[in-house]
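Single-structure report; data block below.
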Amino acid sequence: MLAVVVNVATGGELPEPVAAYGWLAWPTVAVLALTGVGLALWQHRLGQASQPSASAVPPPVGDPAPQSELPVAPRLVGREAELAAVEELVGAGAQLVVVSAAGGTGKSALALSYAHGVREHFPDGQLYVALGGASGIAVSPQDALIRLLRAVGRDAEERRGTLDELSSRFRSAVADRRLLVLLDDAVDAAQVRPLIPAGAGCLTLVTSRRLIADLPGAAVLTLDALSPGQALKLLTATIGADRVAADPSGARRLVEICAGLPLAVRIVGSRLRVRPSWTPSALADRLADEDRRLDELQLGDRAIRSTFLSTYDELSDVDRLVFRRAGAHPGVVFGAESAARRCGLDRRVVQDALDRLVDAFLIEAPTPSSYRLHDLLRLFAAEMLEREETPGDRVACLMRQLDWLRDLAVSGGDVAYERDNILAVLRTAVAEGLTDQAWALVEAVHPLLTAADDHTYRLQLWRSVERAAADDRRRVRALRWVSHSYGLAGEVERELSTAREAVAVAERLDDSGELAQTTRRLGEALRAHGRPDEAEGQLLRALRLFHRSHAVEEEIEVRSALGVLYNTLRRPERSIPILERAAALLSAPETAVHGYVLLGLAAGHKLAGHPTEASALTTRAFSIADRLDDAFLRGYCLHERGWLAVEDDRHRDAEKDFRAMLGIFLRIRHGAGVGAAHQALGSVAAAQGRRDEAVQALRAAIDEYERLGNRNLADEARSSLSALDLPRPS
């Protein structure tokens with residue numbers, strides 16, 4: 001229309017039907033021109049109103065506003081030392097710090113807490129990338145670099161290219177900046193390496209569930225589980241000091257169950273926080289059931305099992321097999337050979353797998369040759385074994401371990417390292433019904449227990465199979481050794497009750513040899529219990545049975561026991577003949593039994609008023625103890641020599657021997673010997689007029705005898721205390 005009007009106004013002609021209106025051309029041009037000018041002025045004013053101020057103008061591409069992408073950091077409790085360690089590493093010049101730890105240990109919380117604390121030192125931005133190591137869908141280095149390049153203001157064209165090109169552009173973009181980059185939950189070094197800025201003003205923090213130690217210039221920090229004190233501090237911060245103070249034992253049980261894993265502590269703390277009527281003890285009781293513990297340790301989307309499972313699923317088939325079979329080891333600490341036997345694989349293969357599992361923080365290596373799992377991972381390994389192996393495979397795994405331990409013992413190998421594992425394996429075997437294999441292992445290990453303090457271990461060994469004994473012959477043997485071990489520990493009540501049970505079972509057997517052994521055991525228990533008449537009857541019965549069956553060694557031992565009984569009753573006229581016959585039966589080479597027979601004769605001659613003979617016999621017994629390095633025998637040699645010194649009024653020599661005796665019996669945990677040493681020291685102190693020391697020693701003897709249930713000896717010590725004209729202990 002505008003074109004037509006202008007044409008007419010400048011001399012053109014209109015078509016005939018509208019020619020009469022040509023005079024309107026110029027007014028129309030004027031109106032249209034004014035309208036156009038007005039519209040232009042209006043648009044210019046709108047543009048001025050929307051124009052930002054100079055201070056609000058965005059920086060040109062390549063120089064963006066600093067990004068602050070750090071997620072909120074959870075409150076850091078119990079990791080103060082580790083936080084200080086990160087500060088020290090960075091202060092020493094580290095530009096790349098890797099924090100590696102198992103899932104749930106709080107490595108991300110530590111890195112975030114540190115990053116928030118130093119934000120002002122990185123004014124050009126704090127970037128955060130979740131690398132997805134625990135998700136099973138890890139972020140590729142290319143995708144991570146595209147995200148980082150976008151954050152530092154690079155346009156779309158610069159966010160295209162190969163991995164090397166993207167990495168080079170990122171390093172160039174931040175070379176002169178003061179930038180902090182937190183790469184959280186990395187899979188491995190290959191994922192992280194292209195993402196590390198090289199600028200002198202940059203700091204990179206990396207967290208990972210695997211040990212990443214092959215990054216150039218990296219300072220590596222690994223996190224252990226929280227100590228009980230740190231875990232309790234975290235629980236207190238979660239539920240409040242009042243609830244912990246109201247139930248301190250329950251709170252301690254909870255953190256122990258959580259195995260020092262911060263995630264587990266936070267889960268139980270959160271459960272308690274939303275259940276104000278619950279006590280820590282109530283929740284600890286629920287968690288006590290190991291079959292349900294992993295089920296209980298979850299709240300919302302936080303769960304211990306899923307944390308472990310995400311790492312487990314990333315393993316190779318071999319590593320998963322080694323983790324579940326070795327990780328479900330019944331013991332606490334195990335070696336590579338034991339793990340290899342359980343796995344049914346070559347030791348080298350298993351050793352390499354264990355090393356990879358250590359790097360994945362699924363297994364710990366307290367020493368280069370030993371491995372362990374904390375309780376929650378052990379339960380998870382057992383769960384995986386149950387889920388992924390057939391019942392036959394699980395039994396075969398345990399049987400391979402039983403067979404290996406038995407063969408190790410039979411060959412005379414060093415089983416000291418495996419002692420705790422043997423007990424754990426025996427308990428598991430009995431629970432699984434493998435009683436024959438368990439019994440074979442006990443019989444193989446028992447002959448190796450020759451040290452003076454082995455009675456405590458022997459007791460646990462035989463008790464582990466005693467109730468599961470398949471027949472009376474096995475059961476009576478187990479009961480006899482259980483009673484014997486109680487006797488060496490000085491626990492006379494248990495010694496006697498178990499000995500009576502053993503005799504009752506032996507009476508059903510058509511085996512005079514086993515009946516003789518159990519009868520002798522009962523006689524010794526009765527003697528220790530202060531029932532001399534019954535003891536004499538049982539020991540004489542055993543003597544007749546041994547003599548009839550020509551069991552010479554056993555006859556010597558029962559004669560020695562009778563000699564001790566008669567000496568206790570102060571009847572040397574009975575003890576000396578029976579012990580002299582025992583000495584005549586002795587044959588080379590000398591054993592500890594020779595020493596005990598000589599000591600019994602020495603005590604008999606001392607009672608009979610023959611100090612010279614007593615001293616000579618004691619010296620001979622001492623030489624045997626020294627030659628055999630038998631601490632138990634040496635302790636009783638010191639006892640006898642000490643009393644000989646008392647009769648000679650050589651109280652200082654006597655006290656020296658009694659103190660040495662006390663040290664030996666404390667070390668080997670022989671309760672009766674400890675009590676006897678205290679009682680002897682009390683008598684020596686009283687004889688020298690040192691009443692305070694005498695009271696202290698005699699009361700220690702009374703306490704020890706009462707702990708052991710030996711009322712007769714406790715009463716004897718009380719009589720000595722009363723003779724000092726002092727108040728009796730309550």
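All residue names refer to the structure tokens as shown: chains lettered A, B, ... in order, residues numbered from 1 in each chain, ligands numbered from 1 in order.
The residue set within 8 Å of Pro197 (chain A), counting only C-alpha atoms and dropping same-chain residues fewer than 6 places from it, reads Phe170, Arg171, Val174, Ala175, Leu203 and Thr204 of chain A.
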Write to file, as a compact mmCIF listing (two decimals), in the first residue's frame, the residues of the selection just made, with all heavy atoms.
```txt
# COMPACT_ATOMS: atom_id res chain seq x y z
N PHE A 170 40.51 -28.35 28.56
CA PHE A 170 40.18 -28.06 29.96
C PHE A 170 41.41 -27.54 30.70
O PHE A 170 41.34 -26.55 31.44
CB PHE A 170 39.63 -29.32 30.65
CG PHE A 170 39.38 -29.14 32.12
CD1 PHE A 170 38.46 -28.20 32.58
CD2 PHE A 170 40.07 -29.89 33.06
CE1 PHE A 170 38.23 -28.02 33.95
CE2 PHE A 170 39.85 -29.72 34.41
CZ PHE A 170 38.93 -28.78 34.85
N ARG A 171 42.55 -28.18 30.50
CA ARG A 171 43.75 -27.72 31.17
C ARG A 171 44.12 -26.30 30.75
O ARG A 171 44.53 -25.47 31.56
CB ARG A 171 44.92 -28.68 30.88
CG ARG A 171 44.78 -30.04 31.56
CD ARG A 171 46.08 -30.82 31.53
NE ARG A 171 46.54 -31.06 30.15
CZ ARG A 171 46.20 -32.11 29.43
NH1 ARG A 171 45.37 -33.03 29.94
NH2 ARG A 171 46.67 -32.28 28.20
N VAL A 174 41.83 -23.55 32.41
CA VAL A 174 41.96 -23.26 33.84
C VAL A 174 43.41 -23.07 34.26
O VAL A 174 43.71 -22.99 35.46
CB VAL A 174 41.31 -24.38 34.69
CG1 VAL A 174 39.84 -24.52 34.36
CG2 VAL A 174 42.03 -25.72 34.48
N ALA A 175 44.30 -22.99 33.29
CA ALA A 175 45.74 -22.94 33.61
C ALA A 175 46.10 -21.80 34.53
O ALA A 175 46.97 -21.92 35.39
CB ALA A 175 46.55 -22.86 32.31
N LEU A 203 43.55 -27.05 42.82
CA LEU A 203 43.61 -28.19 43.75
C LEU A 203 42.54 -29.19 43.33
O LEU A 203 41.39 -28.81 43.09
CB LEU A 203 43.35 -27.74 45.19
CG LEU A 203 43.20 -28.87 46.22
CD1 LEU A 203 44.50 -29.66 46.37
CD2 LEU A 203 42.75 -28.31 47.57
N THR A 204 42.93 -30.46 43.25
CA THR A 204 41.99 -31.52 42.89
C THR A 204 41.87 -32.50 44.05
O THR A 204 42.88 -33.00 44.56
CB THR A 204 42.45 -32.29 41.64
OG1 THR A 204 42.66 -31.35 40.58
CG2 THR A 204 41.41 -33.31 41.21
```
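The shell of residues at most 9 Å from region 149-152 of chain A, with only C-alpha atoms counted and near chain neighbours (fewer than 3 positions) removed, consists of Gly62, Asp63, Pro64, Ala65, Pro66, Gln67, Gly125, Leu127, Ala144, Leu145, Ile146, Asp155, Ala156, Glu158, Arg159, Leu166, Arg169, Phe170, Ala173 and Val174 of chain A.
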Selected residues written out, all heavy atoms, as a short mmCIF file (atom, residue, chain, number, x, y, z; two decimals), in the first residue's frame:
```
data_model
loop_
_atom_site.label_atom_id
_atom_site.label_comp_id
_atom_site.auth_asym_id
_atom_site.auth_seq_id
_atom_site.Cartn_x
_atom_site.Cartn_y
_atom_site.Cartn_z
N GLY A 62 34.53 -17.53 27.70
CA GLY A 62 35.91 -17.84 28.07
C GLY A 62 36.29 -17.22 29.40
O GLY A 62 37.33 -17.54 29.96
N ASP A 63 35.48 -16.38 29.96
CA ASP A 63 35.77 -15.77 31.27
C ASP A 63 34.48 -15.69 32.07
O ASP A 63 33.98 -14.60 32.38
CB ASP A 63 36.37 -14.38 31.06
CG ASP A 63 36.87 -13.78 32.38
OD1 ASP A 63 37.09 -14.57 33.31
OD2 ASP A 63 37.00 -12.54 32.46
N PRO A 64 33.87 -16.87 32.41
CA PRO A 64 32.55 -16.89 33.06
C PRO A 64 32.64 -16.51 34.53
O PRO A 64 33.71 -16.45 35.10
CB PRO A 64 32.14 -18.35 32.90
CG PRO A 64 33.43 -19.10 32.96
CD PRO A 64 34.43 -18.21 32.27
N ALA A 65 31.45 -16.30 35.11
CA ALA A 65 31.39 -16.06 36.55
C ALA A 65 31.82 -17.33 37.28
O ALA A 65 31.58 -18.44 36.81
CB ALA A 65 29.96 -15.68 36.95
N PRO A 66 32.50 -17.21 38.43
CA PRO A 66 32.95 -18.40 39.17
C PRO A 66 31.78 -19.29 39.55
O PRO A 66 30.72 -18.80 39.98
CB PRO A 66 33.62 -17.80 40.42
CG PRO A 66 33.97 -16.41 40.04
CD PRO A 66 32.90 -15.96 39.10
N GLN A 67 31.96 -20.60 39.37
CA GLN A 67 30.95 -21.58 39.74
C GLN A 67 31.23 -22.12 41.14
O GLN A 67 32.37 -22.38 41.49
CB GLN A 67 30.95 -22.73 38.74
CG GLN A 67 30.67 -22.32 37.30
CD GLN A 67 29.26 -21.83 37.11
OE1 GLN A 67 28.30 -22.52 37.48
NE2 GLN A 67 29.11 -20.63 36.57
N GLY A 125 36.36 -20.54 41.40
CA GLY A 125 35.31 -21.55 41.37
C GLY A 125 35.67 -22.83 42.09
O GLY A 125 36.84 -23.14 42.32
N LEU A 127 34.39 -26.68 41.53
CA LEU A 127 33.62 -27.57 40.66
C LEU A 127 33.48 -28.95 41.29
O LEU A 127 34.38 -29.42 41.98
CB LEU A 127 34.30 -27.70 39.29
CG LEU A 127 34.62 -26.38 38.57
CD1 LEU A 127 35.20 -26.67 37.19
CD2 LEU A 127 33.38 -25.50 38.47
N ALA A 144 32.54 -36.30 31.58
CA ALA A 144 32.95 -35.46 32.70
C ALA A 144 33.65 -34.20 32.20
O ALA A 144 33.44 -33.09 32.72
CB ALA A 144 33.88 -36.24 33.63
N LEU A 145 34.48 -34.34 31.15
CA LEU A 145 35.18 -33.17 30.61
C LEU A 145 34.22 -32.20 29.93
O LEU A 145 34.38 -30.97 30.04
CB LEU A 145 36.25 -33.63 29.62
CG LEU A 145 37.55 -34.14 30.27
CD1 LEU A 145 38.39 -34.88 29.25
CD2 LEU A 145 38.33 -32.98 30.89
N ILE A 146 33.24 -32.70 29.22
CA ILE A 146 32.23 -31.82 28.61
C ILE A 146 31.54 -31.00 29.68
O ILE A 146 31.32 -29.79 29.53
CB ILE A 146 31.22 -32.66 27.80
CG1 ILE A 146 31.90 -33.24 26.55
CG2 ILE A 146 30.01 -31.82 27.40
CD1 ILE A 146 31.06 -34.27 25.82
N ASP A 155 32.35 -22.76 24.79
CA ASP A 155 31.16 -22.89 23.96
C ASP A 155 31.03 -24.33 23.44
O ASP A 155 31.90 -25.17 23.63
CB ASP A 155 31.18 -21.89 22.81
CG ASP A 155 32.39 -22.06 21.91
OD1 ASP A 155 32.92 -23.20 21.83
OD2 ASP A 155 32.83 -21.06 21.30
N ALA A 156 29.91 -24.55 22.75
CA ALA A 156 29.57 -25.91 22.30
C ALA A 156 30.62 -26.48 21.38
O ALA A 156 30.92 -27.68 21.42
CB ALA A 156 28.20 -25.90 21.62
N GLU A 158 33.80 -26.03 21.40
CA GLU A 158 34.99 -26.49 22.14
C GLU A 158 34.68 -27.70 23.02
O GLU A 158 35.58 -28.29 23.59
CB GLU A 158 35.52 -25.35 23.01
CG GLU A 158 36.15 -24.22 22.22
CD GLU A 158 36.84 -23.23 23.13
OE1 GLU A 158 36.14 -22.34 23.64
OE2 GLU A 158 38.06 -23.38 23.36
N ARG A 159 33.41 -28.06 23.11
CA ARG A 159 33.04 -29.23 23.91
C ARG A 159 32.86 -30.47 23.02
O ARG A 159 32.21 -31.42 23.41
CB ARG A 159 31.76 -28.95 24.70
CG ARG A 159 31.90 -27.78 25.66
CD ARG A 159 30.83 -27.75 26.71
NE ARG A 159 29.48 -27.61 26.19
CZ ARG A 159 28.85 -26.46 25.99
NH1 ARG A 159 29.49 -25.31 26.27
NH2 ARG A 159 27.61 -26.41 25.53
N LEU A 166 39.66 -32.82 24.46
CA LEU A 166 38.85 -32.24 25.54
C LEU A 166 39.70 -32.00 26.78
O LEU A 166 39.58 -30.95 27.44
CB LEU A 166 37.68 -33.18 25.87
CG LEU A 166 36.63 -33.35 24.78
CD1 LEU A 166 35.66 -34.47 25.17
CD2 LEU A 166 35.87 -32.06 24.54
N ARG A 169 41.94 -28.94 26.26
CA ARG A 169 41.20 -27.69 26.33
C ARG A 169 40.86 -27.32 27.78
O ARG A 169 40.90 -26.15 28.16
CB ARG A 169 39.92 -27.79 25.50
CG ARG A 169 40.17 -27.78 24.00
CD ARG A 169 38.89 -28.02 23.24
NE ARG A 169 39.18 -28.37 21.84
CZ ARG A 169 38.40 -29.15 21.10
NH1 ARG A 169 37.29 -29.66 21.61
NH2 ARG A 169 38.73 -29.40 19.85
N PHE A 170 40.51 -28.35 28.56
CA PHE A 170 40.18 -28.06 29.96
C PHE A 170 41.41 -27.54 30.70
O PHE A 170 41.34 -26.55 31.44
CB PHE A 170 39.63 -29.32 30.65
CG PHE A 170 39.38 -29.14 32.12
CD1 PHE A 170 38.46 -28.20 32.58
CD2 PHE A 170 40.07 -29.89 33.06
CE1 PHE A 170 38.23 -28.02 33.95
CE2 PHE A 170 39.85 -29.72 34.41
CZ PHE A 170 38.93 -28.78 34.85
N ALA A 173 42.04 -24.01 29.67
CA ALA A 173 41.02 -23.07 30.15
C ALA A 173 41.25 -22.66 31.60
O ALA A 173 40.90 -21.55 32.00
CB ALA A 173 39.63 -23.69 29.99
N VAL A 174 41.83 -23.55 32.41
CA VAL A 174 41.96 -23.26 33.84
C VAL A 174 43.41 -23.07 34.26
O VAL A 174 43.71 -22.99 35.46
CB VAL A 174 41.31 -24.38 34.69
CG1 VAL A 174 39.84 -24.52 34.36
CG2 VAL A 174 42.03 -25.72 34.48
#
```
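Between Thr307 (chain A) and the candidates A:Val503, A:Cys343, A:Gly103, A:Val482, the tightest atom-to-atom separation, counting only C-alpha atoms, involves A:Gly103.
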Self-check item: Option closest in space to His455 (chain A), from A:Lys107, A:His670, A:His116, A:Arg475 [counting only C-alpha atoms]
Solution: A:His670
Exercise. Would you mind writing down, as a PyMOL selection string, each residue of region 154-306 of chain A that DSSP on the backbone assigns to strand (DSSP E)?
Key: chain A and resi 180-186+203-208+219-222+298-299+302-303
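Closest to Arg527 (chain A) among A:Ala506, A:Leu681, A:Ala582, A:Leu713 is A:Leu713, based on only C-alpha atoms.
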Exercise. Would you mind writing down, as a VMD selection string, each residue of region 89-336 of chain A that DSSP on the backbone assigns to alpha helix (DSSP H)?
Key: chain A and resid 89 to 91 107 to 117 141 to 151 163 to 174 189 to 192 228 to 239 241 to 246 248 to 257 262 to 273 280 to 287 293 to 296 304 to 312 317 to 327 336
Quiz item: What lies within 9 Å of Thr207 (chain A) using only C-alpha atoms, ignoring chain neighbours under 4 positions off, as an NGL selection string?
Solution: :A and (97-101 or 107-108 or 111 or 182-186 or 212)
Practice problem: Tell me, as a ChimeraX atom specification, which residues lie within 7 Å of region 284-289 of chain A, counting only C-alpha atoms; anything in the same chain fewer than 6 positions away does not count. | Solution: /A:250,253-254,296
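Compared by their closest atoms to Leu223 (chain A), and using only C-alpha atoms, the residues A:Asp511, A:Glu337, A:Glu80, A:Glu290 rank with A:Glu80 nearest.
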Quiz prompt | 9 Å contact set for Ala631 (chain A), only C-alpha atoms, chain neighbours under 5 positions out, as a ChimeraX atom specification | solution = /A:451-453,625-626,636,664-665,668
